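A.B. asks: upload35.cif is reproduced below (mmCIF, C-alpha atoms).
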data_structure
#
loop_
_atom_site.label_atom_id
_atom_site.label_comp_id
_atom_site.auth_asym_id
_atom_site.auth_seq_id
_atom_site.Cartn_x
_atom_site.Cartn_y
_atom_site.Cartn_z
CA MET A 1 101.05 138.09 104.23
CA HIS A 2 97.43 138.23 103.15
CA THR A 3 98.04 135.48 100.59
CA LEU A 4 99.83 133.36 103.19
CA ARG A 5 96.90 133.70 105.59
CA GLN A 6 94.52 132.64 102.83
CA ILE A 7 96.64 129.59 102.07
CA ILE A 8 96.72 128.61 105.75
CA ARG A 9 92.95 129.02 106.04
CA LEU A 10 92.35 126.90 102.95
CA ILE A 11 94.67 124.21 104.29
CA ALA A 12 92.78 124.22 107.60
CA VAL A 13 89.44 123.95 105.79
CA ASP A 14 90.64 121.04 103.66
CA LEU A 15 92.07 119.22 106.66
CA ARG A 16 88.76 119.58 108.48
CA ILE A 17 86.99 118.15 105.42
CA GLU A 18 89.46 115.27 105.31
CA TRP A 19 88.81 114.57 108.98
CA ARG A 20 85.05 114.69 108.44
CA GLU A 21 85.44 112.25 105.55
CA LYS A 22 88.04 110.12 107.30
CA HIS A 23 86.23 106.95 106.23
CA GLN A 24 87.76 107.50 102.79
CA LEU A 25 91.23 107.59 104.29
CA PHE A 26 90.53 104.38 106.20
CA SER A 27 89.24 102.77 103.00
CA LEU A 28 92.47 103.72 101.27
CA ILE A 29 94.51 102.29 104.14
CA LEU A 30 92.54 99.05 103.83
CA TYR A 31 93.23 98.99 100.08
CA ILE A 32 96.96 99.50 100.63
CA THR A 33 97.05 96.87 103.37
CA SER A 34 95.34 94.36 101.09
CA SER A 35 97.67 95.20 98.20
CA VAL A 36 100.77 94.86 100.36
CA PHE A 37 99.55 91.54 101.76
CA VAL A 38 98.88 90.17 98.26
CA ALA A 39 102.34 91.35 97.19
CA TYR A 40 103.82 89.66 100.25
CA MET A 41 102.12 86.36 99.43
CA LEU A 42 103.52 86.50 95.90
CA LEU A 43 107.01 87.82 96.68
CA ARG A 44 107.79 86.50 100.15
CA ASN A 45 110.48 84.20 98.76
CA SER A 46 111.96 86.87 96.52
CA GLN A 47 115.38 88.17 97.49
CA SER A 48 115.52 90.84 94.79
CA PRO A 49 115.44 94.36 96.28
CA ARG A 50 114.58 95.80 92.86
CA VAL A 51 111.37 93.77 92.58
CA ILE A 52 110.24 94.53 96.12
CA ILE A 53 111.04 98.24 95.83
CA SER A 54 109.27 98.48 92.47
CA VAL A 55 106.13 96.88 93.91
CA PHE A 56 106.29 99.29 96.85
CA TRP A 57 106.33 102.33 94.57
CA ILE A 58 103.61 100.97 92.29
CA ILE A 59 101.28 100.43 95.25
CA LEU A 60 102.11 103.87 96.61
CA CYS A 61 101.55 105.43 93.18
CA PHE A 62 98.04 104.01 92.87
CA GLY A 63 97.31 105.05 96.44
CA ALA A 64 98.44 108.58 95.59
CA ILE A 65 96.17 108.73 92.55
CA THR A 66 93.21 107.61 94.65
CA THR A 67 93.99 110.15 97.38
CA THR A 68 94.45 113.19 95.18
CA SER A 69 91.74 112.46 92.61
CA ARG A 70 89.05 113.95 94.85
CA SER A 71 90.98 117.00 96.03
CA LEU A 72 89.41 119.38 93.51
CA ILE A 73 86.62 117.24 92.07
CA ARG A 74 84.75 117.21 95.37
CA GLU A 75 84.48 121.00 95.41
CA ALA A 76 80.90 122.00 94.74
CA SER A 77 80.25 124.38 91.87
CA GLN A 78 78.98 127.03 94.32
CA ARG A 79 82.23 126.81 96.27
CA PHE A 80 84.22 127.14 93.05
CA ILE A 81 82.30 130.32 92.25
CA PHE A 82 83.06 131.65 95.72
CA TYR A 83 86.74 130.81 95.37
CA TYR A 84 86.82 132.37 91.92
CA GLN A 85 85.48 135.65 93.29
CA THR A 86 87.63 135.80 96.41
CA LEU A 87 90.89 133.94 95.73
CA ASP A 88 93.78 134.00 93.35
CA SER A 89 94.28 130.76 91.42
CA ARG A 90 97.81 130.36 92.77
CA THR A 91 96.55 130.55 96.33
CA LEU A 92 94.12 127.69 95.75
CA ILE A 93 96.54 125.41 93.90
CA ILE A 94 99.31 125.91 96.47
CA SER A 95 96.96 125.04 99.32
CA LYS A 96 95.81 121.91 97.49
CA ILE A 97 99.40 120.82 96.83
CA VAL A 98 100.26 121.25 100.52
CA VAL A 99 97.19 119.31 101.69
CA ASN A 100 97.81 116.51 99.21
CA THR A 101 101.44 116.34 100.30
CA LEU A 102 100.35 115.98 103.92
CA MET A 103 97.81 113.27 103.10
CA LEU A 104 100.25 111.36 100.91
CA SER A 105 102.88 111.60 103.64
CA ILE A 106 100.53 109.78 106.01
CA ILE A 107 99.88 107.11 103.39
CA SER A 108 103.59 106.84 102.58
CA ILE A 109 104.67 106.37 106.19
CA PHE A 110 102.02 103.70 106.71
CA THR A 111 102.99 101.85 103.51
CA ALA A 112 106.71 102.05 104.29
CA ALA A 113 106.17 100.71 107.81
CA LEU A 114 104.04 97.85 106.48
CA PHE A 115 106.60 96.92 103.83
CA SER A 116 109.50 96.98 106.27
CA LEU A 117 107.50 94.74 108.60
CA LEU A 118 106.59 92.10 106.03
CA PHE A 119 109.40 91.96 103.49
CA PRO A 120 112.83 90.50 104.30
CA ILE A 121 114.83 93.28 102.69
CA ASP A 122 117.98 94.75 104.20
CA TYR A 123 116.73 98.30 103.94
CA PRO A 124 116.53 100.61 106.98
CA ILE A 125 113.02 101.87 107.62
CA GLY A 126 114.36 105.41 107.95
CA TYR A 127 115.56 105.32 104.36
CA LEU A 128 112.26 103.89 103.18
CA ILE A 129 110.22 106.54 104.99
CA SER A 130 112.45 109.39 103.81
CA THR A 131 112.27 108.29 100.18
CA SER A 132 108.52 107.76 100.43
CA LEU A 133 108.10 111.29 101.82
CA LEU A 134 110.16 112.59 98.91
CA GLY A 135 107.87 110.65 96.61
CA SER A 136 104.83 112.16 98.32
CA MET A 137 106.02 115.63 97.38
CA ALA A 138 106.63 114.52 93.80
CA PHE A 139 103.28 112.78 93.42
CA ALA A 140 101.31 115.58 95.07
CA SER A 141 102.71 118.31 92.84
CA THR A 142 101.87 116.37 89.68
CA LEU A 143 98.54 114.85 90.66
CA THR A 144 97.11 118.10 92.03
CA LEU A 145 97.48 119.69 88.61
CA ILE A 146 95.85 116.67 86.97
CA ALA A 147 93.01 116.84 89.51
CA GLY A 148 92.53 120.48 88.55
CA ILE A 149 92.30 119.53 84.88
CA SER A 150 89.85 116.77 85.72
CA ALA A 151 87.71 119.12 87.81
CA THR A 152 87.35 121.58 84.92
CA VAL A 153 85.84 118.89 82.69
CA GLN A 154 82.94 118.24 85.07
CA GLY A 155 84.87 115.96 87.38
CA ASN A 156 85.70 113.38 84.73
CA THR A 157 87.80 110.87 86.66
CA ALA A 158 88.78 109.14 83.42
CA ILE A 159 90.96 112.16 82.64
CA MET A 160 92.73 111.62 85.96
CA ALA A 161 93.44 107.99 85.12
CA ILE A 162 94.58 108.72 81.56
CA LEU A 163 96.93 111.59 82.38
CA SER A 164 98.36 110.32 85.65
CA PHE A 165 100.50 107.43 84.50
CA PRO A 166 102.51 109.07 81.69
CA LEU A 167 103.17 112.16 83.82
CA LEU A 168 104.12 110.15 86.91
CA LEU A 169 106.31 107.66 85.06
CA PRO A 170 109.52 109.78 85.06
CA GLN A 171 109.14 110.52 88.77
CA LEU A 172 108.36 106.89 89.50
CA LEU A 173 111.48 105.67 87.71
CA VAL A 174 113.70 108.18 89.50
CA LEU A 175 112.23 107.28 92.90
CA ILE A 176 112.87 103.59 92.22
CA ARG A 177 116.47 104.45 91.36
CA ILE A 178 116.83 106.36 94.64
CA SER A 179 115.52 103.40 96.62
CA GLU A 180 117.78 100.97 94.75
CA ALA A 181 120.83 103.15 95.36
CA LEU A 182 120.09 103.31 99.09
CA ALA A 183 119.49 99.56 99.23
CA LEU A 184 122.89 98.96 97.61
CA SER A 185 124.63 101.58 99.81
CA LEU A 186 125.29 103.84 96.83
CA SER A 187 124.96 107.60 96.66
CA PRO A 188 121.52 108.65 95.36
CA SER A 189 122.32 112.37 95.31
CA ARG A 190 121.93 112.87 91.56
CA TYR A 191 118.56 111.10 91.59
CA ILE A 192 117.40 113.17 94.55
CA ILE A 193 118.40 116.33 92.70
CA SER A 194 116.49 115.09 89.64
CA THR A 195 113.39 114.48 91.75
CA LEU A 196 113.60 117.92 93.35
CA LEU A 197 114.02 119.54 89.93
CA LEU A 198 110.97 117.65 88.65
CA ASP A 199 109.05 118.89 91.70
CA VAL A 200 110.05 122.49 91.03
CA VAL A 201 109.10 122.23 87.36
CA THR A 202 105.76 120.60 88.19
CA VAL A 203 104.85 123.20 90.81
CA ALA A 204 105.80 125.98 88.40
CA LEU A 205 103.63 124.44 85.68
CA SER A 206 100.78 124.08 88.17
CA LEU A 207 100.97 127.76 89.07
CA ILE A 208 101.00 128.76 85.41
CA LEU A 209 98.53 126.31 83.88
CA PHE A 210 95.97 126.28 86.68
CA HIS A 211 95.55 130.02 86.21
CA PHE A 212 94.21 129.39 82.69
CA LEU A 213 92.05 126.49 83.87
CA TRP A 214 90.73 128.79 86.59
CA LYS A 215 89.52 131.27 83.98
CA GLU A 216 87.53 128.55 82.25
#
Let me see whether you can do it: turn the structure in this file into structure tokens.
C.D. replies:
Amino acid sequence: MHTLRQIIRLIAVDLRIEWREKHQLFSLILYITSSVFVAYMLLRNSQSPRVIISVFWIILCFGAITTTSRSLIREASQRFIFYYQTLDSRTLIISKIVVNTLMLSIISIFTAALFSLLFPIDYPIGYLISTSLLGSMAFASTLTLIAGISATVQGNTAIMAILSFPLLLPQLLVLIRISEALALSLSPSRYIISTLLLDVVTVALSLILFHFLWKE
């Protein structure tokens, strides 16, 4: 129970920080809006669900990288020392994963609504939002670990950019397959199971590996 209370307090602190720095969220929303509009201008005559869905996930992927890249880098060194003395590494990484999942869920819902509004694709918005929320969980679990690695090398954002794409690629491909299956009225159950398994593996690796990063 003590660990759970610590996680809840850390989540509350991070959400207050996000609200105080909400201009960054609005900047990200502006970036996504611009990207979706450019994609619409290029693909408005396209009738291929695969192309439109792939562009959707690529835009969401870059938005996720931008959102999570500052989750651990922005922590001041003094705060890291305080956390190191008072918290377990697993408590910190779990709270960061939850916060990043919440933030990415907001971005995902906005992006899904914008895509469904602009693109002429026969794809219920409920399916698009549900798959984007599933993707938010997948992206958050992976990118939080990468943000932790980046934070330990003096906030080197190049590490974030280099490691993100190869680690996100399997999840990205599976999420595209889920969206395609739903668009074609096929069963995506095996792809959903694959995504959930990837999430479990990534969270487990985060709990294990961040402990060693924490010691450094």
A.B. asks: For Ile106 in chain A, which residue among A:Val51, A:Leu28, A:Ala138, A:Gly148 is the nearest when counting all atoms listed in the file?
C.D. replies: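 Smallest distance to Ile106 in chain A is found for A:Leu28.
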A.B. asks: Residue by residue, what does the PyMOL selection byres ((chain A and resi 103) around 12) grab here? Present the result as an mmCIF file with C-alpha atoms, keeping the file's coordinate frame.
C.D. replies:
data_model
loop_
_atom_site.group_PDB
_atom_site.id
_atom_site.type_symbol
_atom_site.label_atom_id
_atom_site.label_comp_id
_atom_site.auth_asym_id
_atom_site.auth_seq_id
_atom_site.Cartn_x
_atom_site.Cartn_y
_atom_site.Cartn_z
ATOM 1 C CA ILE A 11 94.670 124.210 104.290
ATOM 2 C CA ASP A 14 90.640 121.040 103.660
ATOM 3 C CA LEU A 15 92.070 119.220 106.660
ATOM 4 C CA GLU A 18 89.460 115.270 105.310
ATOM 5 C CA TRP A 19 88.810 114.570 108.980
ATOM 6 C CA LYS A 22 88.040 110.120 107.300
ATOM 7 C CA GLN A 24 87.760 107.500 102.790
ATOM 8 C CA LEU A 25 91.230 107.590 104.290
ATOM 9 C CA PHE A 26 90.530 104.380 106.200
ATOM 10 C CA LEU A 28 92.470 103.720 101.270
ATOM 11 C CA ILE A 29 94.510 102.290 104.140
ATOM 12 C CA GLY A 63 97.310 105.050 96.440
ATOM 13 C CA ALA A 64 98.440 108.580 95.590
ATOM 14 C CA ILE A 65 96.170 108.730 92.550
ATOM 15 C CA THR A 66 93.210 107.610 94.650
ATOM 16 C CA THR A 67 93.990 110.150 97.380
ATOM 17 C CA THR A 68 94.450 113.190 95.180
ATOM 18 C CA SER A 71 90.980 117.000 96.030
ATOM 19 C CA LYS A 96 95.810 121.910 97.490
ATOM 20 C CA ILE A 97 99.400 120.820 96.830
ATOM 21 C CA VAL A 98 100.260 121.250 100.520
ATOM 22 C CA VAL A 99 97.190 119.310 101.690
ATOM 23 C CA ASN A 100 97.810 116.510 99.210
ATOM 24 C CA THR A 101 101.440 116.340 100.300
ATOM 25 C CA LEU A 102 100.350 115.980 103.920
ATOM 26 C CA LEU A 104 100.250 111.360 100.910
ATOM 27 C CA SER A 105 102.880 111.600 103.640
ATOM 28 C CA ILE A 106 100.530 109.780 106.010
ATOM 29 C CA ILE A 107 99.880 107.110 103.390
ATOM 30 C CA SER A 108 103.590 106.840 102.580
ATOM 31 C CA ILE A 109 104.670 106.370 106.190
ATOM 32 C CA PHE A 110 102.020 103.700 106.710
ATOM 33 C CA LEU A 133 108.100 111.290 101.820
ATOM 34 C CA SER A 136 104.830 112.160 98.320
ATOM 35 C CA MET A 137 106.020 115.630 97.380
ATOM 36 C CA PHE A 139 103.280 112.780 93.420
ATOM 37 C CA ALA A 140 101.310 115.580 95.070
#
A.B. asks: Just so the selection is clear, what residues does the PyMOL selection byres ((chain A and resi 174) around 12) cover here, as a PyMOL selection string?
C.D. replies: chain A and resi 54+57+131+134-135+138+168-173+175-181+188-199
A.B. asks: Starting from the displayed file, determine the output of the PyMOL selection byres ((chain A and resi 115) around 10) and express the residue list as a list of chain:residue names.
C.D. replies: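 Listing what the PyMOL selection byres ((chain A and resi 115) around 10) selects in the shown file: A:Thr33, A:Val36, A:Phe37, A:Ala39, A:Tyr40, A:Ile52, A:Ile53, A:Val55, A:Phe56, A:Ile109, A:Phe110, A:Thr111, A:Ala112, A:Ala113, A:Leu114, A:Ser116, A:Leu117, A:Leu118, A:Phe119, A:Pro120, A:Ile121, A:Ile125, A:Leu128.
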A.B. asks: Once you have the residues from the selection above, write them out as a CSV table (one decimal), keeping the file's coordinate frame, restricted to C-alpha atoms.
C.D. replies:
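That gives us out00.csv:
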chain,number,residue,atom,x,y,z
A,33,THR,CA,97.0,96.9,103.4
A,36,VAL,CA,100.8,94.9,100.4
A,37,PHE,CA,99.6,91.5,101.8
A,39,ALA,CA,102.3,91.4,97.2
A,40,TYR,CA,103.8,89.7,100.2
A,52,ILE,CA,110.2,94.5,96.1
A,53,ILE,CA,111.0,98.2,95.8
A,55,VAL,CA,106.1,96.9,93.9
A,56,PHE,CA,106.3,99.3,96.8
A,109,ILE,CA,104.7,106.4,106.2
A,110,PHE,CA,102.0,103.7,106.7
A,111,THR,CA,103.0,101.8,103.5
A,112,ALA,CA,106.7,102.0,104.3
A,113,ALA,CA,106.2,100.7,107.8
A,114,LEU,CA,104.0,97.8,106.5
A,116,SER,CA,109.5,97.0,106.3
A,117,LEU,CA,107.5,94.7,108.6
A,118,LEU,CA,106.6,92.1,106.0
A,119,PHE,CA,109.4,92.0,103.5
A,120,PRO,CA,112.8,90.5,104.3
A,121,ILE,CA,114.8,93.3,102.7
A,125,ILE,CA,113.0,101.9,107.6
A,128,LEU,CA,112.3,103.9,103.2
A.B. asks: When you draw a straight line from CA of Ile7 in chain A to CA of Thr152 in chain A, how long is it in Å?
C.D. replies: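 Atom-to-atom, CA of Ile7 in chain A and CA of Thr152 in chain A are spaced 21.1 Å apart.
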A.B. asks: Report, as lines of an AutoDock Vina configuration file, the axis-aligned box around all atoms of range 196-205 of chain A present in the file, extended by 8 Å on each side; give centre and edge lengths in Å to one decimal place.
C.D. replies:
center_x = 108.8
center_y = 121.8
center_z = 89.5
size_x = 26.4
size_y = 24.3
size_z = 23.7
A.B. asks: Give me, please, the distance in Å between CA of Ser150 in chain A and CA of Ser164 in chain A, quoted to one decimal.
C.D. replies: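 A separation of 10.7 Å between them.
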A.B. asks: One decimal, Å: what's the distance from CA of Ser132 in chain A over to CA of Leu182 in chain A, could you say?
C.D. replies: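 Computing it gives 12.5 Å between the two atoms.
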A.B. asks: Rank nothing, just name the residue among A:Leu184, A:Met41, A:Leu205, A:Ala158 nearest to Ser69 in chain A, using all atoms listed in the file.
C.D. replies: A:Ala158
A.B. asks: Considering all atoms listed in the file, can you say which of A:Val38, A:Pro124, A:His2, A:Leu143 comes closest to Cys61 in chain A?
C.D. replies: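 Using all atoms listed in the file, the shortest distance to Cys61 in chain A belongs to A:Leu143.
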A.B. asks: Using only C-alpha atoms, can you tell me which of A:Val13, A:Phe212, A:Ala183, A:Ile8 comes closest to Tyr127 in chain A?
C.D. replies: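 Of A:Val13, A:Phe212, A:Ala183, A:Ile8, the one nearest Tyr127 in chain A is A:Ala183, counting only C-alpha atoms.
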A.B. asks: Could you check the closest approach to Leu87 in chain A for each of A:Val201, A:Arg16, A:Leu163, A:Arg5 and tell me which residue wins, using only C-alpha atoms?
C.D. replies: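 Going through A:Val201, A:Arg16, A:Leu163, A:Arg5 one by one, the smallest distance to Leu87 in chain A is for A:Arg5.
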